[in-house]
Each structure stands twice: as structure tokens, then as C-alpha cells.
Amino acid sequence: MTESMSKQDVKFLNHNPPEIPELEARQVAFDLFGLSGDFKSLNSERDQNYRIKTDDGSCYVLKIANVDEDIDVIDFQIRAQQHIEQVDPTIPIPRVLKNKNGRFSDIFESSTGTRHIVYALTYMQGDTLETVSEPSPRMWKRLGAIMARIDFALRSFFHPKARHEIIWDTMSCLDLRQHVCHIADVVSRKNVEAIFEHMEKNVFPKLKNLRQQVIHGDAFFNNVLTDPATPDSIAGVIDFGDLVHAPVVIEVANSIDLLHIDPKGYMSALCSFTVGFDNVYPLEENEIDLVYDLILARYAAFLTIIAWRREVCSDQPDYEPESEALCGTVISNLMEIGREQVTATLRDACRFPPYCPIDNHNNVPDDTDAMLKRRHDVLGTELHLFYARPVHVERGRGPWLYDIQGRAYLDCYNNVPVVGHCHPHVVKAISRQVAALNTNTRYLYRNILDYAERITSGMPDKLSVCVFVNSGSEANDIALRMARFVTGQRGAIVMHNAYHGITESIADLSPYGVKEKDLAPHVRTLMSPDPYRGIYKHGEPGLAESYAADTDRAIDGLTKKGFNLSACMIDTAYISNGIPDFPDGYLAAVTKKIHAAGGLMIADEVQAGFGRPGTHMWGFMAQGVVPDFVTMGKPVGNGYPLGIIVTSPEILNAFVKKTDLFSTFGGNPVACAAGMAVLDVIENEELMANARETGEYLRQGIRSLMSQHTIIGDVRGRGMLAGVELVRNHETLEAADTEVDRMVDLLKENGVLVGSEGPLGNILKIRPPMIFKPEHADILVEALDRSLKML
């Protein structure tokens with residue numbers, strides 16, 4: 001022993017269990033607990049333990065604590081075990097006995113004058129897990145579940161000594177750095193130094209934000225019992241001596257004893273234990289990502305303590321040099337496997353999404369080519385992807401998408417996450433509802449009614465009933481079927497270059513890129529109300545009426561083909577037309593003509609709705625129209641599948657009575673929870689006003705670039721929507737289509753995602769989530785400027 005060691009160091013490093021003679025221990029057991037019988041000494045690092053087998057065959061453990069033990073710490077351990085028993089009596093842990101004095105522990109003075117805390121527990125039968133040569137995945141999974149049950153029971157437990165000082169506490173591992181010098185092996189020493197440095201810089205700042213509570217903290221092989229008569233069994237968990245208040249995830253890291261496992265079995269053991277734990281006490285994403293580092297920290301501390309003890313407590317006979325070497329080997333093996341592989345494997349095992357950092361990690365390899373091959377193998381080779389070099393994204397937050405290397409992309413394209421990617425309120429609503437109920441509308445449940453009432457409350461009076469489906473395509477399909485049912489006709493009118501969905505009926509009404517001569521015979525299109533490129537220009541009188549007059553031509557064209565009008569379906573933002581600056585009154589004039597011809601009007605709000613116009617919740621309301629049907633999709637559930645048709649009770653009841661319409665999963669409780677949460681966010685965060693103000697700020701910013709970049713022909717849009725038309729000549733308006741394709745890719749390289757649109761493919765489509773703020777608009781404008789200079 002060195003003279004410089006403190007008393008606290010001695011307490012932690014020296015084992016020095018008591019050496020109370022058996023005869024004296026027998027007397028204590030009888031006097032305090034009334035226990036007598038066959039006594040057998042048990043191995044213990046710091047305490048003196050006797051197994052007592054009484055005459056009736058019952059077994060107990062008499063624990064005589066180390067002279068240095070704090071009575072309050074013992075009280076902490078005893079009360080924790082009692083708490084577990086009260087919360088979940090089926091958890092297999094020792095039970096604490098009450099002594100003759102009515103207490104659970106007492107102090108006795110030995111014949112040599114030392115004072116010791118003494119208490120008694122029930123003895124748990126079984127062999128320690130270290131006797132099992134190769135624990136199976138099932139056994140690891142069961143151990144994970146047991147440890148999760150213990151910690152779950154301890155959630156509501158606390159004690160003043162919960163944060164007592166303990167040498168094995170991972171949260172204090174950096175205190176061991178001064179003793180790393182005792183590690184003899186140079187490679188192991190450098191590994192431990194690197195682990196502690198990483199813990200200090202990268203792990204401890206994250207640990208502070210994780211769930212913390214009292215945990216068992218030491219389910220190593222010698223503290224876990226198995227029943228040899230029952231394959232893969234976990235018979236119990238003993239030894240609460242390392243009980244401590246710490247992050248929950250440290251339980252996972254501390255419970256996997258890799259010292260006794262072949263390295264080839266590391267990942268199987270890690271995954272099986274973690275899955276077992278996660279099934280009972282679900283881990284959070286920021287916890288699962290730290291398991292690898294915490295395991296390394298556990299073994300780095302283990303190795304340091306062993307080496308330190310060897311150096312300064314050489315007089316102790318139980319030093320095991322093979323443990324020091326094993327710890328070094330485990331650390332080397334784990335480092336060879338690597339953080340990324342371990343984390344990715346654990347995430348996959350627990351069904352977390354693939355790991356994707358939200359800051360730059362340039363060491364992550366680009367797997368685009370491998371992903372493309374896999375995609376082509378299972379999804380075919382013709383499914384379209386954005387960008388010449390596709391982006392592999394695995395994470396979204398607010399208006400940002402992140403690729404697997406941690407690069408952030410400002411998402412100025414997606415209207416699906418209308419309130420931003422992974423909005424916490426929406427995520428929470430979905431999670432809570434899916435944990436309670438998910439079924440279909442053949443049953444009564446409340447939230448579909450709450451949601452239907454809320455979605456219709458701000459609409460014109462006649463639009464008061466809903467049909468719930470799973471997508472915008474389905475919604476448009478059902479609306480068209482209803483219109484045909486009511487009118488008895490088949491003819492349909494849509495905008496030129498329109499897109500409304502993928503069902504067979506709606507594909508006919510989606511002539512995106514289809515020439516007029518190739519239209520389905522029962523479909524006619526309207527010219528785009530585009531005063532920039534159309535035949536009627538800005539400043540001309542009667543613009544709305546002039547463009548709306550094309551409705552008469554379309555109706556006449558249907559008649560000549562032998563079709564009377566059933567419906568007109570219009571995207572009220574006219575996005576596939578290139579987001580034209582449509583004249584006020586246009587949609588109202590078209591609707592009047594449609595109704596006069598006996599047709600019904602379907603307002604497709606998939607892209608325009610949910611406050612995006614900035615002045616109204618819905619595009620049709622912003623244009624002063626009352627349609628016969630309103631359809632919604634994509635953003636309704638912020639990405640959770642949900643589609644809606646809103647119409648009148650007369651139409652809906654007659655149609656359902658005739659057709660027995662039913663969608664198995666349309667309007668399921670989880671979808672309605674998502675939809676309700678979206679409305680909450682739009683209202684609570686005042687996103688309609690934000691769409692109006694930030695949208696105009698964005699367009700003004702883009703217009704400021706027009707003097708520098710003459711290729712910008714027009715900037716238009718309303719609310720949170722902008723179209724930037726690129727032309728090669730401002731007189732002829734020659735479409736700069738190839739330049740737009742190039743710009744989309746250049747913007748991506750500059751960290752901004754947009755799309756292209758319009759019949760000529762020469763318009764940059766900017767349709768960001770509604771949470772888009774002026775600071776995001778500034779990023780977009782700056783990226784647009786840089787990209788135009790690179791064009």
C-alpha cells in the first residue's frame with residue numbers, strides 16, 4: 001500500500017471483507033433474526049456472507065458489511081429492494097428480512113471491537129451465469145427483460161444516498177484518468193485514454209440530457225442466476241451493491257459481460273440483451289446511440305481499476321492478472337467492430353430508423369451507388385428519383401433533411417410535412433394513439449368524430465360531412481365517383497397538365513405531360529390562367545372572364561364526344577400549371593359555368609390547403625368559391641397516410657346507401673390523431689399568418705436577384721408557395737428548361753432542395769413546410785444567388 005493513498009481510495013480499492021468467526025456469526029444470526037442451521041461461507045468482494053440453511057430447508061444469507069460501509073448506503077440498497085418487491089413482486093430478487101427489533105438492518109460490535117452493519121436476505125437458488133459456457137440469444141434477451149423490469153420498478157424510487165460515491169459508476173469514470181498510468185500494456189493504455197477523452201468531449205454532454213433514475217448497475221455474470229434444469233432461464237438477479245442513480249441506458253452497457261464471451265458472439269449478445277430490455281422498458285433514440293461508448297467506458301474503467309489495484313494493493317491475494325488482459329482484449333475487439341456498426345446493428349435490432357447524424361460526419365462513406373443497386377433490384381429500374389445524384393436521407397427535423405453523412409438540406413419542396421419534418425407534437429400524438437388503439441370505422445371511437453367536426457367547422461355550411469381514406473388519390477377517386485353518381489354523367493374537366501393521383505379513374509384526369517390529342521375521350525382540359533405566358537396578359541381588362549371562357553370550349557368539346565359533364569376537378573394552387581399568378585375571380589367564374597352545365601366542382605386541396613394560401617385555410621376559400629367536394633391528402637397527417645373528402649350530407653348519404661362505401665383503414669384512430677395534431681400546430685404556431693408574411697418575404701428576396709440574373713423571368717405565388725420561371729429571352733419567353741434541371745441540382749449542392757414544375761419544365765417550384773421562417777428564406781435566396789452564378 002502506498003503512503004499517498006487517501007482513506008477513500010483505500011475504501012474503494014481494498015477488498016478487506018470482515019473476518020467474523022463462524023461461531024460469532026451464528027450468534028448474531030440467531031440473536032437478531034432467529035436463524036440457525038447449517039452455515040456456509042460465500043465469496044464476496046467486500047462483505048462477509050454466510051448462507052444459512054435452516055432445519056426446515058429454507059435458505060437465507062447473512063450479510064456482514066465491510067467496516068467502511070455507510071449505514072445510509074446500506075439503507076439505500078435495502079429500501080430499493082423492498083420497493084421493487086412492492087411494485088412488482090414477481091421480479092426474482094432477494095427479499096430483505098425484518099429482524100427481531102423490527103428493523104431491516106442493525107449494527108453489532110464484533111469480539112475484536114469492529115462495528116458492522118448486518119442484515120439478512122432470502123437465498124436465491126441457482127448457478128451463476130458464468131457457469132453457462134455459451135449463453136443463448138434467448139437467455140440474453142430474458143436477462144435484458146429482467147433488468148428492464150427491475151429498472152422500470154425503480155422509476156418511482158429515490159433515496160438521499162442514490163448519488164453516493166462508487167468507483168464503478170460510469171458517471172464518475174473520468175475521475176480514474178489519473179490512474180490510467182498503471183495499465184501496463186501500452187496499446188490498452190492508449191485505448192483507455194482515447195475512450196476517456198471521447199467520453200469527456202462527446203458523451204458526457206449528451207448524458208446530462210438523458211433519463212436518469214436509480215438502476216441496478218451490475219448484472220455481470222456472477223450477479224445473475226440461472227436454473228440449470230431449465231434451458232435458457234434467468235432465475236434471479238442478486239447483489240445490489242452497485243445500485244446508483246444514473247442514466248437508464250447505463251444499465252444496458254453495464255449488464256453485458258463480454259469478458260466471458262467469444263468475440264464472434266459480441267453482437268448477438270448485445271442485440272439480444274438490448275432488445276429484451278427495450279421490449280419492457282423502451283429505450284429512446286438518443287440512448288441507443290450511446291450504448292457503444294458506454295460499454296467501452298465500462299471496460300475502460302474496469303481495466304483501470306484492476307491495474308490500479310494491482311499497483312497499489314499488491315498485498316491482496318485475489319488479484320487476477322487474466323482479467324486485466326481480458327479487459328484490454330474486449331476493448332480492442334469492440335474498437336475493431338466500431339461505433340457505426342454496433343450502433344447501426346442495435347438500432348436495427350430495436351427497430352429504430354437507420355442512424356443519421358445531424359451534424360457533419362465526413363468519415364461516413366457515401367453509399368448512394370450501393371443503395372441504388374438495392375433499389376433497382378427490389379423496386380425496379382424505372383422509379384423516378386430526384387436529382388442527378390440522388391440524396392440518401394434518413395432524418396428530418398423541422399424544415400431540414402439530413403443525409404447519412406450528416407449534411408443538412410433546407411427542404412423547400414415538400415408539402416407533405418406541412419408543419420415540418422417530425423414535428424414533436426405530431427409524433428407524440430401518433431405515438432400515444434398507436435399505443436392505445438388502432439382499428440377501423442366499423443367501430444365507434446371518439447377521435448374520428450372530433451376530427452371530422454374540427455375539419456369541417458371552418459368550411460361553408462353545406463360542406464359538413466367527411467369520408468376518410470388513405471391518400472389524396474383515393475380522395476379524388478371517391479369524389480369523382482360521387483359526382484358521377486349524382487349527375488349520372490361521365491365527362492370531366494381538369495386543368496391543362498393537371499395531376500390528381502394514380503388510380504385508374506384519376507389517372508385519366510391527370511394529363512401531366514399528356515398532349516391534348518392523347519386525352520381520354522371523356523376528359524377535356526382548361527388553359528392555364530397564366531398572365532405571364534398565357535394568351536391574356538397582365539394589365540388586360542377582364543382577365544378572369546377571358547380565361548374562364550375556356551370552360552365553355554371544354555364543355556362543348558365533351559358534348560361533341562358524346563359526354564355530358566359530371567365534374568370539374570381543380571388544384572386550387574394550380575401548381576402543375578407552373579404556379580401562375582391567376583387573376584382574382586377566375587375560379588369563381590369557372591365554377592359558375594360548371595354548375596350551369598350541370599356539373600359539380602371538386603376542389604383539390606392536396607397542395608393548396610391547410611393555410612398555405614396565407615389568407616385562408618383553403619385555396620377555394622381564398623378564391624371565393626363554394627365547391628361541391630373538397631379533397632385532401634399528403635399533408636393532412638404530416639406524412640401519416642390520410643385522405644379526406646368533404647361534401648354535403650345529401651350527396652354522401654345517398655352515395656353510401658347505394659354503394660356501401662367503406663375504407664378499412666381510412667380515418668383510423670392513429671391517422672385522426674395525426675390530423676388533429678396538425679391542426680393544433682397550424683393554430684397554435686399561427687402558421688397561416690407565417691405563410692403570408694414569410695412567403696411574401698421570400699418572393700421579395702428572390703425578386704431582388706432579378707437585376708443580377710436576367711434568366712429569372714417571373715417570380716410569383718401566394719402564401720407559402722413560390723414559382724420562379726427561368727427564360728432565355730424576356731421577349732420570346734423561350735423556356736430555360738435545361739437550365740432549371742441544372743439549377744435544381746446546383747441548389748442541392750448548395751444545401752437547398754427545390755423541384756421543377758410547369759408544362760415546359762422551366763419553373764423552380766418552392767413549396768416549403770409551413771414552419772419556414774425568414775431566416776430560412778434568407779438561406780434559400782443566398783443559395784439561389786450562388787447557384788445562378790454557377791449556372
# chains A, B, ... in the order shown; residues from 1 in each chain; ligands from 1
$ select_by_dssp --residues "region 105-345 of chain A" --states "helix (DSSP H, G or I)" --output "ChimeraX atom specification"
/A:129-131,137-156,170-182,186-207,221-223,249-254,258-260,263-280,285-288,291-312,321-337,339-345
$ closest_atom_pairs --of "region 419-535 of chain A" --to "region 551-566 of chain A" --cutoff "6 Å" --atoms "only C-alpha atoms" --output "tab-separated table"
residue	atom	partner	partner_atom	distance
A:Ala483	CA	A:Ser566	CA	5.8
A:Arg484	CA	A:Ser566	CA	5.4
A:Thr487	CA	A:Ser566	CA	5.7
A:Gln489	CA	A:Ser566	CA	4.9
A:Arg490	CA	A:Ser566	CA	5.3
A:Gly491	CA	A:Leu565	CA	4.4
A:Ala492	CA	A:Ser566	CA	5.8
A:Arg524	CA	A:Ala554	CA	5.5
$ select_by_dssp --residues "region 375-406 of chain A" --states "strand (DSSP E)" --output "list in words"
Val393, Glu394, Arg395, Gly396, Arg397, Trp400, Leu401, Tyr402 and Asp403 of chain A
$ residues_around --residues "Phe655 (chain A)" --least-positions-apart "5" --cutoff "9 Å" --atoms "only C-alpha atoms" --output "ChimeraX atom specification"
/A:481-482,485-486,650,660-661
$ residues_around --residues "Val646 (chain A)" --least-positions-apart "2" --cutoff "8 Å" --atoms "only C-alpha atoms" --output "list in words"
Thr456, Leu463, Ser464, Val465, Cys466, Val467, Phe629, Val630, Thr631, Ile644 and Ser648 of chain A
$ write_last_selection --atoms "N, CA and C atoms" --output "PDB file, in the first residue's frame"
ATOM      1  N   THR A 456     -64.372  20.296 -40.556  1.00  0.00           N
ATOM      2  CA  THR A 456     -65.493  20.914 -41.284  1.00  0.00           C
ATOM      3  C   THR A 456     -65.953  22.225 -40.653  1.00  0.00           C
ATOM      4  N   LEU A 463     -70.780  22.035 -46.639  1.00  0.00           N
ATOM      5  CA  LEU A 463     -69.670  21.071 -46.597  1.00  0.00           C
ATOM      6  C   LEU A 463     -69.468  20.633 -45.151  1.00  0.00           C
ATOM      7  N   SER A 464     -70.231  19.647 -44.729  1.00  0.00           N
ATOM      8  CA  SER A 464     -70.303  19.334 -43.302  1.00  0.00           C
ATOM      9  C   SER A 464     -70.064  17.876 -42.957  1.00  0.00           C
ATOM     10  N   VAL A 465     -69.830  17.010 -43.954  1.00  0.00           N
ATOM     11  CA  VAL A 465     -69.592  15.597 -43.660  1.00  0.00           C
ATOM     12  C   VAL A 465     -68.324  15.127 -44.367  1.00  0.00           C
ATOM     13  N   CYS A 466     -67.694  14.111 -43.779  1.00  0.00           N
ATOM     14  CA  CYS A 466     -66.394  13.642 -44.266  1.00  0.00           C
ATOM     15  C   CYS A 466     -66.438  12.176 -44.666  1.00  0.00           C
ATOM     16  N   VAL A 467     -65.618  11.844 -45.633  1.00  0.00           N
ATOM     17  CA  VAL A 467     -65.262  10.468 -45.940  1.00  0.00           C
ATOM     18  C   VAL A 467     -63.745  10.385 -45.761  1.00  0.00           C
ATOM     19  N   PHE A 629     -67.292  19.421 -53.539  1.00  0.00           N
ATOM     20  CA  PHE A 629     -66.402  18.482 -52.849  1.00  0.00           C
ATOM     21  C   PHE A 629     -65.077  19.181 -52.566  1.00  0.00           C
ATOM     22  N   VAL A 630     -64.516  18.866 -51.416  1.00  0.00           N
ATOM     23  CA  VAL A 630     -63.148  19.285 -51.101  1.00  0.00           C
ATOM     24  C   VAL A 630     -62.355  18.007 -50.818  1.00  0.00           C
ATOM     25  N   THR A 631     -61.218  17.877 -51.468  1.00  0.00           N
ATOM     26  CA  THR A 631     -60.390  16.686 -51.253  1.00  0.00           C
ATOM     27  C   THR A 631     -59.041  17.080 -50.671  1.00  0.00           C
ATOM     28  N   ILE A 644     -59.043  12.796 -47.262  1.00  0.00           N
ATOM     29  CA  ILE A 644     -60.380  13.209 -46.823  1.00  0.00           C
ATOM     30  C   ILE A 644     -61.169  13.760 -48.012  1.00  0.00           C
ATOM     31  N   SER A 648     -71.521  17.377 -48.943  1.00  0.00           N
ATOM     32  CA  SER A 648     -72.791  17.628 -48.259  1.00  0.00           C
ATOM     33  C   SER A 648     -73.390  16.314 -47.768  1.00  0.00           C
TER      34      SER A 648
END
$ residues_around --residues "region 250-266 of chain A" --least-positions-apart "3" --cutoff "6 Å" --atoms "only C-alpha atoms" --output "VMD selection string"
chain A and resid 217 to 220 247 269 291 294 to 295
$ closest_residue --among "A:Tyr292, A:Ile215, A:Gly380, A:His425" --to "Asn684 (chain A)" --atoms "only C-alpha atoms"
A:His425
$ residues_around --residues "Glu19 (chain A)" --least-positions-apart "4" --cutoff "12 Å" --atoms "only C-alpha atoms" --output "PyMOL selection string"
chain A and resi 15+23-25+41+44+46-50+63-67+110-112+114+116
$ write_last_selection --atoms "N, CA and C atoms" --output "PDB file, in the first residue's frame"
ATOM      1  N   HIS A  15     -10.280  -4.822  -0.757  1.00  0.00           N
ATOM      2  CA  HIS A  15     -11.450  -5.672  -0.547  1.00  0.00           C
ATOM      3  C   HIS A  15     -11.722  -5.770   0.951  1.00  0.00           C
ATOM      4  N   LEU A  23     -18.666 -18.946  14.556  1.00  0.00           N
ATOM      5  CA  LEU A  23     -19.409 -19.085  15.806  1.00  0.00           C
ATOM      6  C   LEU A  23     -20.062 -17.755  16.198  1.00  0.00           C
ATOM      7  N   GLU A  24     -19.304 -16.676  16.019  1.00  0.00           N
ATOM      8  CA  GLU A  24     -19.839 -15.353  16.341  1.00  0.00           C
ATOM      9  C   GLU A  24     -20.960 -14.972  15.375  1.00  0.00           C
ATOM     10  N   ALA A  25     -20.772 -15.314  14.074  1.00  0.00           N
ATOM     11  CA  ALA A  25     -21.802 -15.036  13.074  1.00  0.00           C
ATOM     12  C   ALA A  25     -23.087 -15.803  13.383  1.00  0.00           C
ATOM     13  N   SER A  41     -19.867 -20.363   4.181  1.00  0.00           N
ATOM     14  CA  SER A  41     -19.301 -19.080   3.774  1.00  0.00           C
ATOM     15  C   SER A  41     -19.429 -18.913   2.261  1.00  0.00           C
ATOM     16  N   SER A  44     -17.321 -13.100  -1.466  1.00  0.00           N
ATOM     17  CA  SER A  44     -17.767 -11.717  -1.588  1.00  0.00           C
ATOM     18  C   SER A  44     -16.550 -10.825  -1.642  1.00  0.00           C
ATOM     19  N   ARG A  46     -16.338  -7.486  -0.799  1.00  0.00           N
ATOM     20  CA  ARG A  46     -16.155  -6.517   0.282  1.00  0.00           C
ATOM     21  C   ARG A  46     -16.859  -6.912   1.572  1.00  0.00           C
ATOM     22  N   ASP A  47     -17.955  -7.677   1.478  1.00  0.00           N
ATOM     23  CA  ASP A  47     -18.699  -8.053   2.677  1.00  0.00           C
ATOM     24  C   ASP A  47     -18.393  -9.502   3.047  1.00  0.00           C
ATOM     25  N   GLN A  48     -18.859  -9.894   4.213  1.00  0.00           N
ATOM     26  CA  GLN A  48     -18.757 -11.300   4.621  1.00  0.00           C
ATOM     27  C   GLN A  48     -20.173 -11.872   4.598  1.00  0.00           C
ATOM     28  N   ASN A  49     -20.330 -12.952   3.841  1.00  0.00           N
ATOM     29  CA  ASN A  49     -21.650 -13.532   3.644  1.00  0.00           C
ATOM     30  C   ASN A  49     -21.669 -14.994   4.080  1.00  0.00           C
ATOM     31  N   TYR A  50     -22.745 -15.371   4.736  1.00  0.00           N
ATOM     32  CA  TYR A  50     -22.964 -16.772   5.100  1.00  0.00           C
ATOM     33  C   TYR A  50     -24.330 -17.209   4.567  1.00  0.00           C
ATOM     34  N   LYS A  63     -25.596 -11.111   5.840  1.00  0.00           N
ATOM     35  CA  LYS A  63     -24.610 -10.201   5.267  1.00  0.00           C
ATOM     36  C   LYS A  63     -24.018  -9.340   6.371  1.00  0.00           C
ATOM     37  N   ILE A  64     -22.706  -9.438   6.534  1.00  0.00           N
ATOM     38  CA  ILE A  64     -21.964  -8.625   7.496  1.00  0.00           C
ATOM     39  C   ILE A  64     -21.131  -7.641   6.682  1.00  0.00           C
ATOM     40  N   ALA A  65     -21.495  -6.371   6.776  1.00  0.00           N
ATOM     41  CA  ALA A  65     -20.916  -5.374   5.887  1.00  0.00           C
ATOM     42  C   ALA A  65     -19.489  -5.033   6.266  1.00  0.00           C
ATOM     43  N   ASN A  66     -18.754  -4.574   5.262  1.00  0.00           N
ATOM     44  CA  ASN A  66     -17.411  -4.056   5.465  1.00  0.00           C
ATOM     45  C   ASN A  66     -17.448  -2.930   6.489  1.00  0.00           C
ATOM     46  N   VAL A  67     -16.407  -2.844   7.274  1.00  0.00           N
ATOM     47  CA  VAL A  67     -16.364  -1.856   8.343  1.00  0.00           C
ATOM     48  C   VAL A  67     -16.465  -0.430   7.810  1.00  0.00           C
ATOM     49  N   SER A 110     -18.144  -6.558  16.964  1.00  0.00           N
ATOM     50  CA  SER A 110     -17.504  -7.869  16.985  1.00  0.00           C
ATOM     51  C   SER A 110     -16.625  -8.015  18.221  1.00  0.00           C
ATOM     52  N   SER A 111     -16.141  -9.214  18.421  1.00  0.00           N
ATOM     53  CA  SER A 111     -15.283  -9.502  19.572  1.00  0.00           C
ATOM     54  C   SER A 111     -13.965  -8.750  19.505  1.00  0.00           C
ATOM     55  N   THR A 112     -13.611  -8.277  18.285  1.00  0.00           N
ATOM     56  CA  THR A 112     -12.360  -7.512  18.137  1.00  0.00           C
ATOM     57  C   THR A 112     -12.610  -6.011  18.238  1.00  0.00           C
ATOM     58  N   THR A 114     -14.624  -4.159  16.214  1.00  0.00           N
ATOM     59  CA  THR A 114     -15.091  -3.505  14.983  1.00  0.00           C
ATOM     60  C   THR A 114     -16.622  -3.516  14.963  1.00  0.00           C
ATOM     61  N   HIS A 116     -20.077  -3.397  12.638  1.00  0.00           N
ATOM     62  CA  HIS A 116     -20.522  -3.803  11.306  1.00  0.00           C
ATOM     63  C   HIS A 116     -22.039  -3.713  11.175  1.00  0.00           C
TER      64      HIS A 116
END
$ atom_distance --atom1 "CA of Pro94 (chain A)" --atom2 "CA of Ala145 (chain A)"
17.5 Å
$ residues_around --residues "Glu504 (chain A)" --least-positions-apart "2" --cutoff "12 Å" --atoms "only C-alpha atoms" --output "list of chain:residue names"
A:Ser473, A:Glu474, A:Asn476, A:Asp477, A:Ile478, A:Leu480, A:Arg481, A:His500, A:Gly501, A:Ile502, A:Ile506, A:Ala507, A:Asp508, A:Leu509, A:Ser510, A:Ala520
